[in-house]
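Student: This is start31.txt, which holds compact mmCIF, C-alpha atoms:
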# COMPACT_ATOMS: atom_id res chain seq x y z
CA MET A 1 0.00 0.00 0.00
CA ASP A 2 3.02 2.27 -0.36
CA TRP A 3 1.47 3.92 -3.42
CA LEU A 4 -1.13 5.52 -1.13
CA TYR A 5 1.59 7.57 0.58
CA ILE A 6 3.53 10.54 -0.78
CA LEU A 7 6.71 12.09 0.62
CA MET A 8 6.41 15.72 1.66
CA PRO A 9 9.87 17.17 0.75
CA ILE A 10 9.91 20.11 3.17
CA ALA A 11 8.34 18.45 6.23
CA GLY A 12 10.20 15.17 5.53
CA VAL A 13 7.20 12.90 6.28
CA SER A 14 5.16 10.45 4.17
CA ILE A 15 1.46 11.31 4.08
CA PHE A 16 -1.70 9.36 3.09
CA TRP A 17 -2.50 11.42 -0.04
CA PRO A 18 -6.18 10.35 -0.42
CA GLY A 19 -6.67 11.91 3.02
CA LEU A 20 -5.39 15.22 1.66
CA ILE A 21 -7.92 15.10 -1.20
CA ILE A 22 -10.79 14.28 1.18
CA LEU A 23 -9.75 17.15 3.45
CA GLY A 24 -9.46 19.54 0.50
CA ILE A 25 -12.88 18.84 -1.06
CA GLY A 26 -14.72 18.34 2.22
CA VAL A 27 -13.28 21.33 4.01
CA GLY A 28 -13.85 23.45 0.90
CA ILE A 29 -17.57 22.66 1.15
CA ILE A 30 -17.66 23.11 4.93
CA GLY A 31 -15.57 26.28 4.85
CA GLY A 32 -17.67 27.87 2.12
CA PHE A 33 -20.82 26.97 4.08
CA PHE A 34 -19.77 28.00 7.60
CA GLY A 35 -17.62 30.95 6.49
CA MET A 36 -14.54 29.78 8.36
CA GLY A 37 -12.20 28.52 5.71
CA GLY A 38 -12.53 25.10 7.35
CA ALA A 39 -8.99 25.54 8.66
CA TRP A 40 -10.06 24.71 12.21
CA MET A 41 -10.54 21.13 10.95
CA VAL A 42 -7.54 21.00 8.60
CA THR A 43 -4.80 21.76 11.16
CA PRO A 44 -5.76 18.88 13.50
CA GLY A 45 -6.55 16.79 10.40
CA LEU A 46 -3.06 17.31 8.95
CA ASN A 47 -1.50 16.64 12.35
CA ILE A 48 -3.50 13.41 12.64
CA LEU A 49 -2.36 12.39 9.13
CA GLY A 50 1.27 12.79 10.23
CA PHE A 51 2.43 16.41 9.83
CA PRO A 52 4.38 17.98 12.72
CA MET A 53 2.13 20.64 14.30
CA ALA A 54 4.09 23.69 13.06
CA PHE A 55 3.98 22.36 9.47
CA ALA A 56 0.27 21.49 9.86
CA ILE A 57 -0.42 25.10 10.84
CA GLY A 58 1.64 26.68 8.04
CA THR A 59 0.37 24.31 5.32
CA ASP A 60 -3.22 24.80 6.43
CA ILE A 61 -2.95 28.58 6.25
CA ALA A 62 -1.42 28.46 2.75
CA HIS A 63 -4.23 26.28 1.38
CA MET A 64 -6.84 28.32 3.25
CA ALA A 65 -5.88 31.65 1.64
CA GLY A 66 -6.62 30.54 -1.93
CA LYS A 67 -9.84 28.72 -1.02
CA SER A 68 -11.22 31.66 0.96
CA LEU A 69 -10.66 33.96 -2.01
CA ILE A 70 -12.94 31.75 -4.13
CA SER A 71 -15.61 31.56 -1.39
CA THR A 72 -15.51 35.33 -0.77
CA MET A 73 -16.15 36.06 -4.44
CA ARG A 74 -19.16 33.75 -4.42
CA HIS A 75 -20.59 35.23 -1.19
CA GLY A 76 -20.01 38.75 -2.51
CA LYS A 77 -22.40 38.00 -5.39
CA PHE A 78 -25.09 37.08 -2.82
CA GLY A 79 -24.56 40.32 -0.88
CA ASN A 80 -23.30 38.44 2.20
CA VAL A 81 -20.05 40.42 2.71
CA ASP A 82 -19.78 43.60 4.80
CA TYR A 83 -16.54 44.90 3.29
CA LYS A 84 -16.44 47.96 5.56
CA LEU A 85 -16.55 45.78 8.69
CA GLY A 86 -13.98 43.39 7.22
CA LEU A 87 -11.51 46.18 6.42
CA ILE A 88 -11.85 47.69 9.91
CA MET A 89 -11.17 44.30 11.49
CA LEU A 90 -7.96 43.89 9.47
CA VAL A 91 -6.20 46.29 11.86
CA GLY A 92 -6.48 43.92 14.81
CA THR A 93 -6.26 40.73 12.73
CA ILE A 94 -2.80 41.34 11.26
CA VAL A 95 -1.23 42.52 14.55
CA GLY A 96 -2.77 39.63 16.47
CA PHE A 97 -1.80 37.10 13.80
CA GLU A 98 1.89 37.98 13.91
CA ALA A 99 1.86 37.83 17.73
CA GLY A 100 0.38 34.33 17.55
CA ALA A 101 2.84 33.12 14.89
CA GLN A 102 5.79 34.33 16.99
CA MET A 103 4.35 32.44 19.96
CA VAL A 104 4.27 29.20 17.90
CA MET A 105 7.95 29.63 16.98
CA TRP A 106 8.77 30.16 20.68
CA LEU A 107 6.81 27.05 21.72
CA GLU A 108 8.52 25.03 18.97
CA ARG A 109 11.94 26.02 20.33
CA LEU A 110 10.80 24.86 23.79
CA GLY A 111 9.52 21.58 22.32
CA ASN A 112 5.97 22.14 23.65
CA VAL A 113 4.09 23.22 20.53
CA GLU A 114 2.24 19.90 19.95
CA LYS A 115 0.85 19.62 23.46
CA VAL A 116 0.00 23.30 23.97
CA VAL A 117 -1.74 23.75 20.60
CA ARG A 118 -3.85 20.59 21.06
CA TRP A 119 -4.99 21.69 24.51
CA ILE A 120 -5.87 25.18 23.27
CA TYR A 121 -7.81 23.59 20.41
CA LEU A 122 -9.68 21.29 22.77
CA LEU A 123 -10.62 24.05 25.22
CA LEU A 124 -11.68 26.36 22.40
CA LEU A 125 -13.82 23.70 20.69
CA THR A 126 -15.50 22.84 24.01
CA PHE A 127 -16.36 26.49 24.71
CA ILE A 128 -17.68 27.13 21.20
CA ALA A 129 -19.81 23.96 21.18
CA TRP A 130 -21.32 25.01 24.52
CA MET A 131 -21.95 28.54 23.25
CA VAL A 132 -23.67 27.39 20.04
CA PHE A 133 -26.00 24.88 21.71
CA HIS A 134 -26.69 27.21 24.66
CA ASP A 135 -27.74 29.84 22.14
CA VAL A 136 -30.01 27.36 20.32
CA ARG A 137 -31.60 26.24 23.62
CA ARG A 138 -32.23 29.83 24.77
CA ARG A 139 -33.77 30.74 21.43
CA LEU A 140 -36.11 27.75 21.56
CA GLN A 141 -37.19 28.82 25.06
CA LYS A 142 -37.99 32.32 23.77
CA GLU A 143 -39.89 30.87 20.82
CA ARG A 144 -42.01 28.68 23.12
CA ALA A 145 -42.65 31.61 25.46
CA ALA A 146 -43.85 33.78 22.57
CA LEU A 147 -46.11 30.96 21.35
CA ALA A 148 -47.59 30.49 24.84
CA ALA A 149 -48.22 34.24 25.16
CA GLY A 150 -49.79 34.41 21.72
CA THR A 151 -47.27 37.00 20.50
CA LYS A 152 -45.35 37.07 17.23
CA PHE A 153 -41.79 35.72 17.44
CA ASP A 154 -39.09 37.73 15.66
CA PRO A 155 -37.17 35.33 13.33
CA LEU A 156 -34.03 37.44 13.86
CA GLU A 157 -34.18 36.91 17.64
CA THR A 158 -31.12 35.21 19.17
CA GLY A 159 -30.69 33.18 22.32
CA ILE A 160 -27.43 34.78 23.46
CA GLU A 161 -27.53 38.59 23.40
CA TRP A 162 -24.00 39.58 24.42
CA HIS A 163 -23.78 41.83 21.35
CA LYS A 164 -26.52 44.13 22.67
CA THR A 165 -24.49 44.88 25.80
CA LEU A 166 -21.28 45.44 23.84
CA GLN A 167 -22.97 47.68 21.27
CA ASN A 168 -24.09 49.96 24.13
CA ILE A 169 -20.44 50.77 24.95
CA LYS A 170 -20.13 54.15 23.19
CA ILE A 171 -16.35 54.72 22.94
CA PRO A 172 -15.52 57.04 19.98
CA PRO A 173 -15.17 56.76 17.11
CA MET A 174 -18.63 55.30 16.43
CA ILE A 175 -19.26 53.57 13.09
CA HIS A 176 -22.34 52.58 11.11
CA LEU A 177 -22.25 49.28 9.21
CA PRO A 178 -25.28 49.33 6.88
CA VAL A 179 -24.82 45.85 5.37
CA ALA A 180 -24.78 44.19 8.81
CA GLY A 181 -27.24 46.72 10.25
CA ILE A 182 -24.96 47.63 13.18
CA TYR A 183 -24.03 50.89 14.93
CA CYS A 184 -21.17 50.46 17.42
CA SER A 185 -17.78 51.67 18.60
CA ALA A 186 -14.96 50.98 16.13
CA TRP A 187 -13.05 49.49 19.06
CA LEU A 188 -15.49 46.56 19.29
CA PRO A 189 -14.60 44.92 15.92
CA ILE A 190 -10.91 45.90 16.31
CA SER A 191 -10.68 44.22 19.76
CA VAL A 192 -12.50 41.11 18.55
CA SER A 193 -10.27 40.87 15.47
CA PHE A 194 -7.07 41.21 17.52
CA PHE A 195 -8.04 38.29 19.78
CA THR A 196 -9.21 36.11 16.89
CA GLY A 197 -6.07 37.03 14.92
CA TRP A 198 -3.87 36.02 17.86
CA LEU A 199 -5.59 32.64 18.08
CA ALA A 200 -5.34 32.29 14.29
CA GLY A 201 -1.57 32.71 14.43
CA ILE A 202 -1.30 30.06 17.15
CA LEU A 203 -3.76 27.51 15.78
CA GLY A 204 -3.50 28.09 12.02
CA ILE A 205 -7.26 28.55 11.70
CA GLY A 206 -7.49 31.90 9.93
CA GLY A 207 -9.45 33.06 12.96
CA GLY A 208 -12.64 31.72 11.41
CA LEU A 209 -13.39 29.16 14.10
CA ILE A 210 -13.94 31.95 16.60
CA ARG A 211 -14.46 34.95 14.31
CA MET A 212 -17.73 33.68 12.81
CA PRO A 213 -19.27 33.06 16.28
CA ALA A 214 -17.72 36.35 17.49
CA LEU A 215 -19.30 38.27 14.60
CA ILE A 216 -22.68 36.79 15.59
CA TYR A 217 -22.56 36.80 19.39
CA LEU A 218 -20.22 39.73 20.17
CA ILE A 219 -20.70 42.14 17.26
CA GLY A 220 -24.29 41.22 16.31
CA CYS A 221 -24.07 40.29 12.60
CA PRO A 222 -26.88 38.24 11.01
CA THR A 223 -25.62 34.70 10.39
CA HIS A 224 -25.36 34.93 6.58
CA ILE A 225 -23.51 38.28 6.79
CA ALA A 226 -21.16 36.83 9.44
CA VAL A 227 -20.36 33.92 7.11
CA GLY A 228 -19.46 36.10 4.11
CA THR A 229 -17.61 38.78 6.10
CA ASP A 230 -15.60 36.18 7.98
CA LEU A 231 -14.48 34.57 4.72
CA PHE A 232 -13.31 38.00 3.52
CA GLU A 233 -11.26 38.32 6.72
CA VAL A 234 -9.95 34.76 6.38
CA MET A 235 -8.82 35.52 2.84
CA ILE A 236 -6.78 38.57 3.90
CA SER A 237 -5.33 37.10 7.09
CA GLY A 238 -4.65 33.83 5.24
CA LEU A 239 -2.58 35.56 2.56
CA TYR A 240 -0.56 37.33 5.26
CA GLY A 241 -0.23 34.13 7.31
CA ALA A 242 0.86 32.07 4.30
CA GLY A 243 3.63 34.56 3.66
CA THR A 244 4.89 34.68 7.24
CA TYR A 245 4.84 30.88 7.75
CA THR A 246 6.48 30.24 4.36
CA TYR A 247 9.22 32.71 5.30
CA LYS A 248 9.70 30.73 8.52
CA GLY A 249 10.04 27.49 6.50
CA ARG A 250 6.92 25.82 7.94
CA THR A 251 4.75 25.50 4.82
CA GLU A 252 4.49 22.26 2.81
CA LEU A 253 3.45 23.60 -0.59
CA VAL A 254 2.89 20.16 -2.18
CA ALA A 255 0.19 19.29 0.36
CA ALA A 256 -1.31 22.78 0.14
CA LEU A 257 -1.67 22.50 -3.65
CA ILE A 258 -3.22 19.02 -3.46
CA MET A 259 -5.86 20.26 -1.00
CA LEU A 260 -6.44 23.53 -2.86
CA ILE A 261 -7.48 21.72 -6.05
CA GLY A 262 -10.30 19.95 -4.21
CA ALA A 263 -11.09 22.98 -2.06
CA ALA A 264 -11.65 25.19 -5.11
CA ILE A 265 -14.55 22.93 -6.12
CA GLY A 266 -15.89 22.41 -2.62
CA ALA A 267 -15.88 26.12 -1.72
CA GLN A 268 -18.28 26.90 -4.57
CA ILE A 269 -20.74 24.25 -3.34
CA GLY A 270 -20.55 25.42 0.28
CA ALA A 271 -21.11 29.08 -0.58
CA VAL A 272 -24.17 28.30 -2.73
CA ALA A 273 -25.61 26.07 0.04
CA THR A 274 -25.97 29.07 2.39
CA LYS A 275 -28.66 30.34 0.02
CA TYR A 276 -30.85 27.39 1.00
CA ILE A 277 -29.85 26.68 4.62
CA LYS A 278 -30.28 29.78 6.77
CA GLY A 279 -29.70 31.02 10.34
CA TYR A 280 -29.98 28.38 13.01
CA GLY A 281 -29.66 25.50 10.55
CA ILE A 282 -26.10 26.69 9.95
CA ARG A 283 -25.44 27.10 13.69
CA VAL A 284 -26.63 23.60 14.68
CA ALA A 285 -24.59 21.94 11.90
CA PHE A 286 -21.59 23.98 13.02
CA GLY A 287 -21.98 22.85 16.65
CA ILE A 288 -22.14 19.18 15.69
CA THR A 289 -19.01 19.51 13.56
CA VAL A 290 -17.12 21.24 16.39
CA ILE A 291 -17.93 18.37 18.81
CA GLY A 292 -16.72 15.72 16.35
CA CYS A 293 -13.50 17.60 15.71
CA GLY A 294 -12.89 17.88 19.47
CA VAL A 295 -13.35 14.13 19.96
CA SER A 296 -10.78 13.38 17.24
CA ILE A 297 -8.23 15.58 19.03
CA VAL A 298 -8.88 13.74 22.32
CA LEU A 299 -8.25 10.41 20.57
CA LYS A 300 -4.94 11.72 19.21
CA MET A 301 -3.90 13.00 22.64
CA ALA A 302 -4.89 9.71 24.31
CA GLN A 303 -2.06 7.88 22.51
CA ALA A 304 0.38 9.30 25.07
CA TRP A 305 -1.82 8.16 27.97
CA VAL A 306 -2.40 4.56 26.78
CA PRO A 307 0.47 3.77 24.38
CA GLU A 308 -0.55 0.11 24.10
CA TYR A 309 -3.64 1.29 22.17
CA GLY A 310 -1.70 3.91 20.21
CA ARG A 311 -2.23 2.38 16.77
CA PHE A 312 -5.96 1.88 17.34
CA LEU A 313 -6.43 5.43 18.63
CA ASP A 314 -4.43 6.88 15.73
CA VAL A 315 -6.56 5.05 13.14
CA SER A 316 -9.75 5.99 15.02
CA ALA A 317 -8.79 9.69 15.05
CA THR A 318 -8.02 9.60 11.32
CA VAL A 319 -11.27 7.79 10.45
CA LEU A 320 -13.30 10.16 12.63
CA ILE A 321 -11.90 13.39 11.19
CA LEU A 322 -12.14 12.20 7.57
CA GLY A 323 -15.56 10.65 8.18
CA LEU A 324 -16.80 13.83 9.83
CA VAL A 325 -15.63 15.96 6.90
CA SER A 326 -17.20 13.56 4.39
CA CYS A 327 -20.57 13.25 6.18
CA MET A 328 -20.98 16.98 6.81
CA SER A 329 -19.98 17.76 3.20
CA LEU A 330 -22.54 15.24 1.92
CA TYR A 331 -25.24 16.74 4.16
CA ILE A 332 -24.53 20.27 2.88
CA PHE A 333 -24.45 19.08 -0.74
CA VAL A 334 -27.78 17.21 -0.43
CA LYS A 335 -29.46 20.22 1.22
CA MET A 336 -28.15 22.46 -1.55
CA VAL A 337 -29.56 20.16 -4.26
CA GLN A 338 -32.93 19.94 -2.47
CA GLY A 339 -33.10 23.72 -2.11
CA ALA A 340 -32.19 24.28 -5.77
CA ARG A 341 -34.91 21.82 -6.85
CA ARG A 342 -37.53 23.62 -4.75
CA GLU A 343 -36.46 26.95 -6.21
CA LEU A 344 -36.73 25.63 -9.78
CA ALA A 345 -40.15 24.09 -9.01
CA MET A 346 -41.42 27.45 -7.69
CA LYS A 347 -40.16 29.27 -10.78
CA ARG A 348 -41.88 26.74 -13.05
CA GLY A 349 -45.06 27.15 -11.03
CA LEU A 350 -44.99 30.87 -11.74
Spit out the file's structure as structure tokens when you get a sec.

Tutor:
Amino acid sequence: MDWLYILMPIAGVSIFWPGLIILGIGVGIIGGFFGMGGAWMVTPGLNILGFPMAFAIGTDIAHMAGKSLISTMRHGKFGNVDYKLGLIMLVGTIVGFEAGAQMVMWLERLGNVEKVVRWIYLLLLTFIAWMVFHDVRRRLQKERAALAAGTKFDPLETGIEWHKTLQNIKIPPMIHLPVAGIYCSAWLPISVSFFTGWLAGILGIGGGLIRMPALIYLIGCPTHIAVGTDLFEVMISGLYGAGTYTYKGRTELVAALIMLIGAAIGAQIGAVATKYIKGYGIRVAFGITVIGCGVSIVLKMAQAWVPEYGRFLDVSATVLILGLVSCMSLYIFVKMVQGARRELAMKRGL
């Protein structure tokens, strides 16, 4: 079965190349759908396939930049991108990203980068999964309460309303974001982007894993606008990140190109799917995917705790992450086809 493995010349490791193709196509669909570049799944996925963590981060960011460009163009046609908000957030994103990348180099010199990055990933995934499902539960409670009271329920109502408190902080300069329908202090998106940029530099995720939820829960963007605007941010920060990690010699361009070919196709499908799956449908699917990704990281970490089951845990982690990407991609693709068929049927009916 040696033909299923390809040597990565820069990283110096042999990688299961069909896994790279599955990651590329699947994460392209998922990234275009969730607006996160899918990088939050690729970094642990590449690490599970055999890349050292620093190379997994750098390679992921390089592949993410090109894919996000394609997704942003598609979302822009649907009017889902708030370019003004995205450009303002670039200030914090770039500064935070470089701070995070320097921290990875420092951890690599100490020999702790694998352990620290996995634990940060695990804690972050746990918090985000809780936040998403807590929001869904709170919204359902509000919907039931409105039904019991006989009042009309606002479809734009959210369960978590942290953004309302933060928008009331009136520190000049104040900005109006007409596409997202937000009026807030410019320091709110800048602060959020700095923190997400810092995590992006550490985890190689383009910031999307936390920026999309942050745009919704902290800044107050509608879900479809958060998706498109986040991809615009991922595109810019990804291009910068690809440059800085390549300069540091931690980017495996062969793997990035293999994944990018599949991702270019998948990103188009994912972006179109947001036209047919709206709001909380996106959030629930996102929460399920986050949980599965977290479990795969735990399985990878468990190899050090029970080395006698190391091979089994390694295979299980690989199967889980690739299976998760495949199943979620198939779900999004099927929903897109069903939505397109309904749309065509309605047009014919007219």

Student: Enter the distance from atom CA of A:Phe333 to atom CA of A:Leu203, in Å, rounded to one decimal.

Tutor: 27.8 Å

Student: With all atoms listed in the file as the counted atoms, please give the residues lying no more than 10 Å from stretch 175-180 of chain A, apart from itself and same-chain residues fewer than 6 positions off, as an mmCIF file with C-alpha atoms, keeping the file's coordinate frame.

Tutor:
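Result file follows (selection28.cif):
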data_model
loop_
_atom_site.group_PDB
_atom_site.id
_atom_site.type_symbol
_atom_site.label_atom_id
_atom_site.label_comp_id
_atom_site.auth_asym_id
_atom_site.auth_seq_id
_atom_site.Cartn_x
_atom_site.Cartn_y
_atom_site.Cartn_z
ATOM 1 C CA GLY A 79 -24.560 40.320 -0.880
ATOM 2 C CA ASN A 80 -23.300 38.440 2.200
ATOM 3 C CA VAL A 81 -20.050 40.420 2.710
ATOM 4 C CA ASP A 82 -19.780 43.600 4.800
ATOM 5 C CA TYR A 83 -16.540 44.900 3.290
ATOM 6 C CA LYS A 84 -16.440 47.960 5.560
ATOM 7 C CA LEU A 85 -16.550 45.780 8.690
ATOM 8 C CA ILE A 88 -11.850 47.690 9.910
ATOM 9 C CA ALA A 186 -14.960 50.980 16.130
ATOM 10 C CA TRP A 187 -13.050 49.490 19.060
ATOM 11 C CA LEU A 215 -19.300 38.270 14.600
ATOM 12 C CA ILE A 219 -20.700 42.140 17.260
ATOM 13 C CA GLY A 220 -24.290 41.220 16.310
ATOM 14 C CA CYS A 221 -24.070 40.290 12.600
ATOM 15 C CA PRO A 222 -26.880 38.240 11.010
ATOM 16 C CA THR A 223 -25.620 34.700 10.390
ATOM 17 C CA HIS A 224 -25.360 34.930 6.580
ATOM 18 C CA ILE A 225 -23.510 38.280 6.790
ATOM 19 C CA ALA A 226 -21.160 36.830 9.440
ATOM 20 C CA THR A 229 -17.610 38.780 6.100
#

Student: What's around A:Lys164 at 12 Å? Count all atoms listed in the file, leave out sequence neighbours fewer than 5 positions away in its own chain, and write the answer as a ChimeraX atom specification.

Tutor: /A:157-159,169-170,182-184,188,216-221

Student: Which is closest to A:Pro52 among A:Ala11, A:Ile70, A:Met64, A:Leu90, if we use only C-alpha atoms?

Tutor: A:Ala11

Student: Which residues are close to stretch 244-256 of chain A, i.e. within 10 Å by all atoms listed in the file, leaving aside same-chain residues fewer than 4 positions away? Reply as a PyMOL selection string.

Tutor: chain A and resi 6-12+15+17+20-21+24+46+51-64+66+97-98+101-102+105+201+204+238-240+260-261

Student: Could you check which of A:Gly310, A:Gly339, A:Pro213, A:Gly266 is closest to A:Ala129, using all atoms listed in the file?

Tutor: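 The answer is A:Pro213, which sits nearest to A:Ala129.
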
Student: Quick one, how far is atom CA of A:Trp305 from atom CA of A:Lys115?

Tutor: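 According to the coordinates, atom CA of A:Trp305 and atom CA of A:Lys115 are separated by 12.6 Å.
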
Student: Dump as CSV the rows for residues of stretch 84-133 of chain A within 8 Å of stretch 291-294 of chain A: closest atom pair and distance in Å with one decimal, only C-alpha atoms counted, ordered by chain and rising residue number.

Tutor:
residue,atom,partner,partner_atom,distance
A:Tyr121,CA,A:Gly294,CA,7.7
A:Leu122,CA,A:Gly294,CA,5.7
A:Leu125,CA,A:Gly294,CA,6.0
A:Thr126,CA,A:Gly294,CA,7.2
A:Ala129,CA,A:Ile291,CA,6.4

Student: Could you jot down the atom CA of A:Ala99 to atom CA of A:Ile128 separation for me, Å, one decimal place?

Tutor: 22.5 Å

Student: Counting all atoms listed in the file, which residues come within 8 Å of (-9.7, 33.5, 19.5), with the point read in the file's coordinates, and could you list them as a PDB file with C-alpha atoms, in the frame of the given file?

Tutor:
ATOM      1  CA  LEU A 124     -11.680  26.360  22.400  1.00  0.00           C
ATOM      2  CA  PHE A 195      -8.040  38.290  19.780  1.00  0.00           C
ATOM      3  CA  THR A 196      -9.210  36.110  16.890  1.00  0.00           C
ATOM      4  CA  GLY A 197      -6.070  37.030  14.920  1.00  0.00           C
ATOM      5  CA  TRP A 198      -3.870  36.020  17.860  1.00  0.00           C
ATOM      6  CA  LEU A 199      -5.590  32.640  18.080  1.00  0.00           C
ATOM      7  CA  ALA A 200      -5.340  32.290  14.290  1.00  0.00           C
ATOM      8  CA  GLY A 207      -9.450  33.060  12.960  1.00  0.00           C
ATOM      9  CA  LEU A 209     -13.390  29.160  14.100  1.00  0.00           C
ATOM     10  CA  ILE A 210     -13.940  31.950  16.600  1.00  0.00           C
ATOM     11  CA  ARG A 211     -14.460  34.950  14.310  1.00  0.00           C
TER      12      ARG A 211
END

Student: Looking at A:Val116, A:Ala145, A:Val91, A:Met212, which one is nearest to A:Ser193, with distances taken over all atoms listed in the file?

Tutor: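 Closest residue, counting all atoms listed in the file: A:Val91.
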
Student: With only C-alpha atoms as the atoms that count, which of A:Gly270, A:Pro44, A:Gly323, A:Gly150 lies nearest to A:Ser68?

Tutor: A:Gly270

Student: Give me the residues near A:Arg139 as number ranges by chain, where near means some atom within 8 Å (using all atoms listed in the file) and where sequence neighbours in that chain fewer than 2 positions away do not count.

Tutor: A: 135-137, 141-143, 157-160

Student: List the residues sitting within 10 Å of (-13.8, 33.0, -3.2) in the file's frame, using all atoms listed in the file, as JSON, numbers by chain.

Tutor: {"A": [32, 65, 66, 67, 68, 69, 70, 71, 72, 73, 74, 75, 76, 228, 231, 232, 235, 264, 267, 268, 271]}
